[in-house]
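**Student:** If it helps, the file is called start10.csv and holds CSV, C-alpha atoms and all ligand atoms:
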```csv
chain,number,residue,atom,x,y,z
V,1,MET,CA,-3.4,-15.6,13.1
V,2,LYS,CA,-6.5,-15.2,11.0
V,3,SER,CA,-6.3,-13.4,7.6
V,4,ILE,CA,-8.5,-10.4,7.4
V,5,LEU,CA,-7.7,-9.7,3.8
V,6,ASP,CA,-6.9,-12.3,1.2
V,7,VAL,CA,-5.9,-11.2,-2.3
V,8,GLN,CA,-5.6,-14.0,-4.8
V,9,ASN,CA,-4.0,-13.8,-8.3
V,10,LEU,CA,-5.2,-10.3,-9.0
V,11,SER,CA,-4.5,-8.9,-12.5
V,12,VAL,CA,-5.8,-5.5,-13.5
V,13,SER,CA,-5.3,-3.6,-16.8
V,14,PHE,CA,-6.2,-0.3,-18.3
V,15,ALA,CA,-7.2,0.4,-21.9
V,16,VAL,CA,-5.1,3.2,-23.3
V,17,TYR,CA,-4.4,4.6,-26.7
V,18,GLY,CA,-2.4,1.9,-28.5
V,19,GLY,CA,-3.0,-1.0,-26.1
V,20,GLU,CA,-3.6,-2.1,-22.6
V,21,VAL,CA,-1.4,-1.3,-19.6
V,22,GLN,CA,-1.0,-4.4,-17.5
V,23,ALA,CA,-0.9,-2.4,-14.2
V,24,VAL,CA,-1.2,-5.3,-11.8
V,25,ARG,CA,0.0,-8.8,-12.8
V,26,ASP,CA,-1.0,-11.8,-10.8
V,27,VAL,CA,-0.7,-10.3,-7.3
V,28,SER,CA,-1.4,-12.4,-4.2
V,29,PHE,CA,-1.0,-11.6,-0.6
V,30,ASP,CA,-2.8,-11.6,2.7
V,31,VAL,CA,-3.1,-9.3,5.7
V,32,LYS,CA,-3.6,-10.8,9.1
V,33,GLU,CA,-5.7,-9.5,12.0
V,34,GLY,CA,-4.0,-6.5,13.6
V,35,GLU,CA,-1.1,-6.6,11.2
V,36,ALA,CA,0.4,-3.6,9.5
V,37,VAL,CA,1.7,-4.4,6.0
V,38,ALA,CA,3.5,-1.9,3.7
V,39,ILE,CA,3.3,-2.1,-0.1
V,40,VAL,CA,6.4,-0.4,-1.4
V,41,GLY,CA,7.4,0.5,-4.9
V,42,GLU,CA,8.0,3.3,-7.4
V,43,SER,CA,5.1,5.2,-9.0
V,44,GLY,CA,3.6,3.0,-11.6
V,45,SER,CA,4.5,-0.2,-9.8
V,46,GLY,CA,0.9,-1.1,-9.3
V,47,LYS,CA,0.6,-0.5,-5.6
V,48,SER,CA,-2.2,2.1,-5.7
V,49,VAL,CA,-4.1,0.2,-8.4
V,50,THR,CA,-4.0,-2.9,-6.1
V,51,ALA,CA,-5.5,-0.9,-3.3
V,52,GLN,CA,-8.1,0.8,-5.5
V,53,THR,CA,-9.1,-2.6,-6.8
V,54,ILE,CA,-9.5,-4.0,-3.3
V,55,MET,CA,-11.9,-1.1,-2.6
V,56,ARG,CA,-13.5,-1.5,-6.0
V,57,LEU,CA,-12.6,2.1,-6.8
V,58,ILE,CA,-11.1,1.7,-10.3
V,59,GLN,CA,-13.2,2.8,-13.1
V,60,THR,CA,-14.3,0.1,-15.5
V,61,PRO,CA,-13.7,0.9,-18.3
V,62,PRO,CA,-11.0,1.9,-18.9
V,63,GLY,CA,-9.9,-0.3,-16.0
V,64,LYS,CA,-10.5,-4.1,-16.2
V,65,ILE,CA,-10.1,-6.7,-13.5
V,66,LYS,CA,-8.9,-9.5,-15.6
V,67,LYS,CA,-8.7,-12.1,-12.9
V,68,GLY,CA,-8.4,-12.7,-9.2
V,69,LYS,CA,-10.4,-12.7,-6.0
V,70,VAL,CA,-10.4,-10.5,-3.0
V,71,PHE,CA,-11.8,-11.7,0.3
V,72,LEU,CA,-12.4,-9.4,3.2
V,73,ASP,CA,-13.0,-11.4,6.4
V,74,GLY,CA,-14.2,-14.3,4.1
V,75,GLN,CA,-16.5,-12.1,2.0
V,76,ASP,CA,-15.8,-12.1,-1.7
V,77,LEU,CA,-15.6,-8.4,-2.6
V,78,MET,CA,-15.4,-8.9,-6.4
V,79,SER,CA,-18.9,-10.5,-6.4
V,80,LEU,CA,-20.6,-7.6,-4.5
V,81,SER,CA,-22.9,-5.1,-6.2
V,82,GLU,CA,-21.9,-1.5,-6.1
V,83,LYS,CA,-24.6,-0.9,-3.4
V,84,GLU,CA,-23.3,-3.7,-1.3
V,85,MET,CA,-19.8,-2.4,-1.8
V,86,GLN,CA,-20.8,1.0,-0.4
V,87,LYS,CA,-21.6,-0.7,2.8
V,88,VAL,CA,-18.0,-2.1,2.9
V,89,ARG,CA,-16.2,1.1,2.1
V,90,GLY,CA,-15.9,3.5,5.0
V,91,ASN,CA,-17.5,0.8,7.3
V,92,LYS,CA,-15.3,-2.3,7.0
V,93,ILE,CA,-12.5,-0.7,5.1
V,94,GLY,CA,-11.3,2.8,6.0
V,95,MET,CA,-9.3,4.8,3.6
V,96,ILE,CA,-6.7,7.6,3.8
V,97,PHE,CA,-5.4,9.3,0.7
V,98,GLN,CA,-2.4,11.4,-0.1
V,99,ASP,CA,-4.0,14.8,-0.2
V,100,PRO,CA,-6.5,15.5,2.5
V,101,MET,CA,-7.6,18.8,0.9
V,102,THR,CA,-9.0,17.1,-2.1
V,103,SER,CA,-10.6,14.3,-0.1
V,104,LEU,CA,-12.4,16.6,2.3
V,105,ASN,CA,-15.5,18.6,1.3
V,106,PRO,CA,-14.5,22.3,1.6
V,107,THR,CA,-18.2,23.4,2.2
V,108,MET,CA,-18.9,21.1,5.1
V,109,THR,CA,-17.7,21.3,8.7
V,110,VAL,CA,-15.3,18.6,9.7
V,111,GLY,CA,-17.7,17.4,12.3
V,112,LYS,CA,-20.4,16.8,9.7
V,113,GLN,CA,-17.9,14.9,7.5
V,114,ILE,CA,-16.8,12.6,10.3
V,115,MET,CA,-20.4,12.1,11.3
V,116,GLU,CA,-21.6,11.1,7.8
V,117,GLY,CA,-20.2,7.6,7.9
V,118,LEU,CA,-21.5,7.1,11.5
V,119,ILE,CA,-25.0,8.0,10.5
V,120,GLN,CA,-24.9,6.1,7.2
V,121,HIS,CA,-23.3,2.9,8.4
V,122,GLN,CA,-24.1,2.7,12.1
V,123,SER,CA,-27.4,4.6,12.2
V,124,LEU,CA,-26.3,6.5,15.3
V,125,SER,CA,-28.6,9.2,16.5
V,126,GLY,CA,-27.5,12.8,16.2
V,127,ALA,CA,-26.4,13.2,19.8
V,128,LYS,CA,-24.6,9.9,19.9
V,129,ALA,CA,-22.8,10.6,16.7
V,130,ASN,CA,-21.8,14.0,18.0
V,131,GLU,CA,-20.4,12.4,21.1
V,132,ARG,CA,-18.5,9.9,19.0
V,133,VAL,CA,-17.0,12.7,16.7
V,134,LEU,CA,-15.7,14.5,19.8
V,135,GLU,CA,-14.2,11.2,20.9
V,136,LEU,CA,-12.6,10.7,17.5
V,137,LEU,CA,-11.1,14.2,17.3
V,138,THR,CA,-9.5,13.6,20.7
V,139,LEU,CA,-8.3,10.2,19.6
V,140,VAL,CA,-6.4,11.6,16.6
V,141,GLY,CA,-4.9,14.4,18.7
V,142,ILE,CA,-6.9,17.5,17.6
V,143,PRO,CA,-7.0,20.0,20.4
V,144,ASN,CA,-10.2,21.8,21.4
V,145,PRO,CA,-12.5,19.3,19.7
V,146,GLU,CA,-15.7,21.3,20.9
V,147,THR,CA,-14.5,24.2,18.7
V,148,ARG,CA,-12.9,22.2,16.0
V,149,ILE,CA,-16.0,20.1,15.3
V,150,ASN,CA,-17.8,23.2,13.8
V,151,GLN,CA,-14.9,24.4,11.7
V,152,TYR,CA,-14.2,23.9,7.9
V,153,PRO,CA,-11.3,22.2,6.3
V,154,HIS,CA,-9.5,25.4,5.3
V,155,GLN,CA,-9.3,26.3,9.0
V,156,PHE,CA,-7.0,23.3,9.6
V,157,SER,CA,-3.3,22.9,8.7
V,158,GLY,CA,-2.2,20.1,6.3
V,159,GLY,CA,-1.3,17.9,9.2
V,160,MET,CA,-4.5,18.6,11.1
V,161,ARG,CA,-6.5,17.8,8.0
V,162,GLN,CA,-4.8,14.5,7.7
V,163,ARG,CA,-5.8,13.8,11.3
V,164,VAL,CA,-9.4,14.6,10.3
V,165,MET,CA,-9.1,12.1,7.4
V,166,ILE,CA,-7.8,9.5,9.9
V,167,ALA,CA,-10.8,10.2,12.2
V,168,ILE,CA,-13.1,9.7,9.3
V,169,ALA,CA,-11.4,6.5,8.3
V,170,LEU,CA,-11.5,5.1,11.8
V,171,ALA,CA,-15.0,6.4,12.6
V,172,CYS,CA,-16.8,3.0,12.1
V,173,THR,CA,-13.9,1.0,13.6
V,174,PRO,CA,-13.1,-0.7,10.3
V,175,ALA,CA,-11.3,-4.1,10.2
V,176,LEU,CA,-8.9,-2.8,7.6
V,177,LEU,CA,-7.4,0.7,7.1
V,178,ILE,CA,-5.8,1.4,3.7
V,179,ALA,CA,-3.5,4.4,3.6
V,180,ASP,CA,-2.2,5.4,0.2
V,181,GLU,CA,0.9,7.7,0.6
V,182,PRO,CA,-0.8,9.3,3.6
V,183,THR,CA,2.1,11.6,4.4
V,184,THR,CA,3.6,12.4,1.0
V,185,ALA,CA,1.9,15.9,0.8
V,186,LEU,CA,3.1,16.9,4.3
V,187,ASP,CA,6.5,18.3,5.5
V,188,VAL,CA,8.9,16.0,7.2
V,189,THR,CA,8.2,16.8,10.9
V,190,ILE,CA,4.4,16.5,10.3
V,191,GLN,CA,5.0,13.3,8.4
V,192,ALA,CA,6.6,11.8,11.4
V,193,GLN,CA,3.8,12.9,13.7
V,194,ILE,CA,1.1,11.4,11.4
V,195,LEU,CA,3.0,8.1,11.2
V,196,THR,CA,3.5,7.9,14.9
V,197,LEU,CA,-0.2,8.6,15.3
V,198,MET,CA,-1.1,5.8,12.9
V,199,LYS,CA,1.1,3.4,14.8
V,200,ASP,CA,-0.4,4.4,18.2
V,201,LEU,CA,-3.9,4.1,16.8
V,202,GLN,CA,-3.2,0.7,15.3
V,203,GLU,CA,-1.9,-0.6,18.6
V,204,LYS,CA,-5.0,0.8,20.4
V,205,THR,CA,-7.6,-0.3,17.9
V,206,LYS,CA,-6.0,-3.5,16.5
V,207,THR,CA,-7.1,-2.4,13.0
V,208,SER,CA,-5.1,-4.1,10.3
V,209,ILE,CA,-3.3,-1.6,8.1
V,210,ILE,CA,-2.1,-1.5,4.5
V,211,LEU,CA,0.4,1.4,4.1
V,212,ILE,CA,1.2,2.2,0.5
V,213,THR,CA,4.4,4.2,-0.1
V,214,HIS,CA,7.2,4.8,-2.4
V,215,ASP,CA,9.4,5.5,0.6
V,216,LEU,CA,10.9,2.4,2.2
V,217,GLY,CA,12.3,4.7,4.9
V,218,ILE,CA,8.9,5.4,6.6
V,219,VAL,CA,8.0,1.7,6.6
V,220,ALA,CA,10.5,0.8,9.3
V,221,ASP,CA,8.5,2.8,11.9
V,222,ILE,CA,5.1,1.3,11.6
V,223,CYS,CA,5.0,-1.9,9.6
V,224,ASP,CA,5.3,-5.6,10.5
V,225,ARG,CA,5.7,-6.9,7.0
V,226,VAL,CA,6.7,-5.4,3.7
V,227,ILE,CA,5.6,-6.2,0.1
V,228,VAL,CA,7.8,-4.9,-2.6
V,229,MET,CA,6.2,-4.3,-6.0
V,230,TYR,CA,7.8,-3.7,-9.3
V,231,ALA,CA,6.3,-3.4,-12.8
V,232,GLY,CA,2.9,-4.7,-11.6
V,233,GLN,CA,4.2,-7.7,-9.7
V,234,ILE,CA,5.2,-8.6,-6.2
V,235,VAL,CA,9.0,-9.1,-6.4
V,236,GLU,CA,9.7,-9.7,-2.7
V,237,THR,CA,7.9,-10.0,0.6
V,238,GLY,CA,9.1,-10.6,4.1
V,239,THR,CA,8.9,-9.3,7.6
V,240,LYS,CA,10.3,-5.8,8.1
V,241,HIS,CA,13.4,-7.4,9.7
V,242,GLU,CA,14.0,-9.7,6.7
V,243,ILE,CA,13.5,-7.0,4.2
V,244,PHE,CA,15.9,-4.5,5.9
V,245,SER,CA,18.6,-7.0,7.1
V,246,ASN,CA,18.4,-9.7,4.5
V,247,PRO,CA,16.9,-8.4,1.2
V,248,GLN,CA,17.1,-10.9,-1.7
V,249,HIS,CA,15.8,-9.1,-4.7
V,250,PRO,CA,18.2,-6.8,-6.6
V,251,TYR,CA,15.4,-4.2,-6.7
V,252,THR,CA,14.8,-4.3,-2.9
V,253,LYS,CA,18.6,-4.0,-2.4
V,254,GLY,CA,18.6,-1.0,-4.7
V,255,LEU,CA,15.8,0.6,-2.8
V,256,LEU,CA,17.7,0.2,0.5
V,257,LYS,CA,20.9,1.6,-1.0
V,258,SER,CA,19.0,4.7,-2.1
V,259,LEU,CA,17.9,5.4,1.5
V,260,PRO,CA,19.8,7.7,3.8
V,261,ARG,CA,21.1,5.8,6.9
V,262,LEU,CA,21.9,7.1,10.4
V,263,ASP,CA,25.3,5.3,10.4
V,264,GLN,CA,26.2,6.6,6.9
V,265,ALA,CA,29.6,8.3,6.5
V,266,LYS,CA,29.3,11.9,5.4
V,267,ASP,CA,31.0,11.3,2.0
V,268,GLU,CA,29.2,8.1,1.3
V,269,PRO,CA,26.9,8.8,-1.6
V,270,LEU,CA,23.3,7.5,-1.8
V,271,ILE,CA,23.1,5.2,-4.8
V,272,PRO,CA,20.0,5.7,-7.0
V,273,ILE,CA,18.6,2.9,-9.1
V,274,PHE,CA,19.5,3.8,-12.7
V,275,GLY,CA,17.1,3.3,-15.6
V,276,THR,CA,13.4,3.3,-15.8
V,277,PRO,CA,10.6,0.7,-15.3
V,278,PRO,CA,9.5,-1.2,-18.3
V,279,ASP,CA,6.5,-0.2,-20.5
V,280,LEU,CA,3.6,-2.2,-19.2
V,281,ILE,CA,1.7,-2.0,-22.5
V,282,LYS,CA,4.3,-4.6,-23.6
V,283,PRO,CA,5.6,-6.1,-20.4
V,284,PRO,CA,9.0,-7.8,-20.7
V,285,GLN,CA,8.8,-11.5,-21.5
V,286,GLY,CA,11.0,-12.4,-18.6
V,287,CYS,CA,11.9,-10.5,-15.3
V,288,GLY,CA,10.5,-7.0,-15.2
V,289,PHE,CA,13.6,-5.7,-13.6
V,290,CYS,CA,16.0,-7.2,-16.2
V,291,SER,CA,16.9,-4.0,-18.0
V,292,ARG,CA,18.1,-2.4,-14.7
V,293,CYS,CA,19.6,-5.4,-13.0
V,294,ASP,CA,23.4,-5.8,-12.7
V,295,SER,CA,23.0,-9.5,-12.0
V,296,ALA,CA,20.8,-10.3,-15.0
V,297,MET,CA,21.3,-13.7,-16.7
V,298,ARG,CA,20.1,-15.0,-20.0
V,299,ILE,CA,17.1,-16.8,-18.5
V,300,CYS,CA,16.0,-13.5,-16.9
V,301,GLU,CA,15.2,-12.1,-20.4
V,302,THR,CA,12.9,-14.9,-21.4
V,303,GLU,CA,11.2,-16.3,-18.4
V,304,ILE,CA,9.4,-14.7,-15.4
V,305,PRO,CA,10.9,-16.2,-12.3
V,306,GLU,CA,8.5,-17.9,-9.9
V,307,GLN,CA,8.3,-17.0,-6.2
V,308,THR,CA,11.0,-18.8,-4.3
V,309,LYS,CA,10.6,-19.2,-0.5
V,310,ILE,CA,13.5,-18.0,1.5
V,311,SER,CA,11.8,-18.6,4.9
V,312,ASP,CA,8.3,-19.1,6.2
V,313,THR,CA,7.7,-15.4,5.9
V,314,GLN,CA,10.0,-14.3,3.1
V,315,SER,CA,9.8,-15.0,-0.6
V,316,VAL,CA,11.4,-13.5,-3.7
V,317,ARG,CA,10.7,-13.5,-7.4
V,318,CYS,CA,14.3,-13.7,-8.8
V,319,TRP,CA,16.2,-16.3,-10.8
V,320,LEU,CA,19.2,-15.8,-8.5
V,321,GLN,CA,17.4,-17.5,-5.7
V,322,HIS,CA,15.5,-20.0,-7.8
V,323,PRO,CA,16.6,-23.7,-7.3
V,324,TYR,CA,16.8,-24.1,-11.1
V,325,ALA,CA,19.4,-21.3,-11.5
V,326,LYS,CA,21.3,-22.5,-8.4
V,327,GLU,CA,21.5,-26.0,-9.9
V,328,GLN,CA,23.0,-24.6,-13.1
V,329,GLY,CA,25.4,-22.4,-11.2
V,330,SER,CA,25.3,-18.6,-11.3
V,331,ASP,CA,25.8,-18.6,-15.1
V,332,ALA,CA,22.4,-20.3,-15.5
V,333,GLY,CA,21.2,-19.9,-19.1
V,334,LYS,CA,23.9,-17.4,-20.0
V,335,GLU,CA,25.2,-19.7,-22.8
V,336,ALA,CA,21.7,-20.8,-23.9
K,401,LIG,FE1,17.9,-9.6,-11.9
K,401,LIG,FE2,17.4,-11.9,-13.1
K,401,LIG,FE3,16.7,-11.5,-10.6
K,401,LIG,FE4,15.4,-10.2,-12.5
K,401,LIG,S1,15.4,-12.4,-12.2
K,401,LIG,S2,16.1,-9.4,-10.6
K,401,LIG,S3,17.0,-9.8,-13.9
K,401,LIG,S4,18.8,-11.6,-11.5
K,402,MG,MG,0.1,6.0,-6.2
```
Give the structure from this file in structure tokens form.
Ligand code: SF4
Ligand code: MG
**Tutor:**
Amino acid sequence: MKSILDVQNLSVSFAVYGGEVQAVRDVSFDVKEGEAVAIVGESGSGKSVTAQTIMRLIQTPPGKIKKGKVFLDGQDLMSLSEKEMQKVRGNKIGMIFQDPMTSLNPTMTVGKQIMEGLIQHQSLSGAKANERVLELLTLVGIPNPETRINQYPHQFSGGMRQRVMIAIALACTPALLIADEPTTALDVTIQAQILTLMKDLQEKTKTSIILITHDLGIVADICDRVIVMYAGQIVETGTKHEIFSNPQHPYTKGLLKSLPRLDQAKDEPLIPIFGTPPDLIKPPQGCGFCSRCDSAMRICETEIPEQTKISDTQSVRCWLQHPYAKEQGSDAGKEA
């Protein structure tokens, strides 16, 4: 299948008092046509910065794209002017953010807000755009679209506002939809409805999706593939099945153990991952997870493990799976 998005060796930092936070460190991945990919990790793992860099929404300075390339359908986004990039955002890439109230304009009817992109990017006439807005409101499951089109954001519930955001994001039938924690601000039942809606729409429209979340639990429902980020790096990637049934990285395993399961015994506790992520002003010399990892070996402290392929679709960045450590036995480097 063809890649719609290709991110190559992306590194992004932010100037802060006392140094530079290395927020994204050498991140590479692709998203295929019609595929839904989740990027999972704790806050500060670099997942949102990765998404914002793809959309060229990070402020420079203090942000700095130190290296890397991003191709959308073959077009090098890093080389575009801001004006050219505006034609990509909202048109070829749709975006949904965490809090629909802050992303919507409170002084404008939702109809006008959905229409904006259509008029700007697709130069539809007023009547045609109006027709399309009604169609979109119906598509995202908002009842009485003829009334709703003329209402303001405060007249919508949180879940309905997020549906409006999805309508805006899908208005120009983008090739890629990036959703950053789209359900975090919503209560649990509404969360489930929005995720189901996103999945239905993805199947209908064949749009590729990047879903960014700290919650591995919601990934299972809608994603084909999972990318796990930790301390600015991709530590594991695989199909949803591989990540849930055969996780390789100690961090991925930790994330899974901290999730409630249906088959869990009542008295079986959820196990949190102890410790905190490293300071990315001075990233660790070796594996970023070292200070929290029960399996850490001597080599983990001094050298960043390379990606090791587990299958055609799964790879992990951990010395435990690296051929070098396997050759040396599980004590690799311990006595060094
Ligand atoms: Fe743990 Fe070492 Fe693997 Fe890092 S490389 S996750 S410290 S075993
Ligand atoms: Mg974030």
**Student:** Quick one, how far is CA of Glu42 in chain V from CA of Gln307 in chain V?
**Tutor:**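 Computing the Euclidean distance for CA of Glu42 in chain V and CA of Gln307 in chain V yields 20.3 Å.
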**Student:** Just to confirm, what's the straight-line distance from CA of Leu136 in chain V to CA of Leu201 in chain V in Å (one decimal)?
**Tutor:**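 Rounded to one decimal, the two atoms are 10.9 Å apart.
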**Student:** Where does chain V meet ligand MG 402 (chain K) within 9 Å, residue by residue, with the nearest atom pair and distance in Å to one decimal for each, counting only C-alpha atoms and all ligand atoms, listed by chain and rising number, as a tab-separated table?
**Tutor:**
```
residue	atom	partner	partner_atom	distance
V:Glu42	CA	K:MG402	MG	8.4
V:Ser43	CA	K:MG402	MG	5.8
V:Gly44	CA	K:MG402	MG	7.1
V:Ser45	CA	K:MG402	MG	8.4
V:Gly46	CA	K:MG402	MG	7.8
V:Lys47	CA	K:MG402	MG	6.5
V:Ser48	CA	K:MG402	MG	4.6
V:Val49	CA	K:MG402	MG	7.5
V:Gln98	CA	K:MG402	MG	8.5
V:Asp180	CA	K:MG402	MG	6.8
V:Glu181	CA	K:MG402	MG	7.1
V:Ile212	CA	K:MG402	MG	7.8
V:Thr213	CA	K:MG402	MG	7.7
V:His214	CA	K:MG402	MG	8.1
```
**Student:** For ligand LIG 401 (chain K), list the contacting residues at 10 Å or closer, counting only C-alpha atoms and all ligand atoms, as number ranges by chain.
**Tutor:** V: 235, 248-252, 286-306, 316-322, 325, 330
**Student:** Would you tabulate, counting all atoms listed in the file, all residues of range 32-51 of chain V that have an atom at most 12 Å from an atom of range 240-247 of chain V, showing the closest pair of atoms and their distance in Å to one decimal, sorted by chain then ascending number, as a tab-separated table?
**Tutor:**
```
residue	atom	partner	partner_atom	distance
V:Glu35	CA	V:Lys240	CA	11.8
V:Ala36	CA	V:Lys240	CA	10.2
V:Val37	CA	V:Lys240	CA	9.0
V:Ala38	CA	V:Lys240	CA	9.0
V:Ile39	CA	V:Lys240	CA	11.4
V:Val40	CA	V:Ile243	CA	11.2
```
**Student:** Save the residues we just selected, C-alpha atoms, as a compact mmCIF listing (two decimals), in the frame of the given file?
**Tutor:**
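Full text of again.txt as output:
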```txt
# COMPACT_ATOMS: atom_id res chain seq x y z
CA GLU V 35 -1.10 -6.60 11.20
CA ALA V 36 0.40 -3.60 9.50
CA VAL V 37 1.70 -4.40 6.00
CA ALA V 38 3.50 -1.90 3.70
CA ILE V 39 3.30 -2.10 -0.10
CA VAL V 40 6.40 -0.40 -1.40
```
**Student:** I'd like the neighbourhood of range 189-191 of chain V as a list in words, where a residue qualifies if any of its atoms comes within 12 Å (using all atoms listed in the file), though same-chain residues fewer than 5 positions away should be ignored.
**Tutor:**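 Once the adjacent positions are removed, what remains is Gln98, Ser157, Gly158, Gly159, Met160, Arg161, Gln162, Arg163, Glu181, Pro182, Thr183, Thr184, Thr196, Leu197, Met198, Asp215, Gly217, Ile218 and Asp221 of chain V.
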**Student:** Work out how far CA of Gly232 in chain V is from CA of Ile281 in chain V, in Å to one decimal.
**Tutor:**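 Result for CA of Ile281 in chain V versus CA of Gly232 in chain V: 11.3 Å, one decimal.
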**Student:** Go through V:Asp263, V:Glu82, V:Asp26, V:Glu268 and flag the residue nearest Ile65 in chain V, using only C-alpha atoms for the distances.
**Tutor:**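 Checking each of V:Asp263, V:Glu82, V:Asp26, V:Glu268 against Ile65 in chain V, counting only C-alpha atoms, the winner is V:Asp26.
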**Student:** Restricting the calculation to all atoms listed in the file: of V:Lys204, V:Lys257, V:Arg89, V:Lys67, which residue gets closest to Val24 in chain V?
**Tutor:**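 Closest to Val24 in chain V, using all atoms listed in the file: V:Lys67.
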**Student:** Rank V:Ile142, V:Val228, V:Leu124, V:Val164 by their smallest atom-to-atom distance to Gly111 in chain V, using all atoms listed in the file, and report the top residue only.
**Tutor:**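 Between V:Ile142, V:Val228, V:Leu124, V:Val164, the residue approaching Gly111 in chain V most closely is V:Val164.
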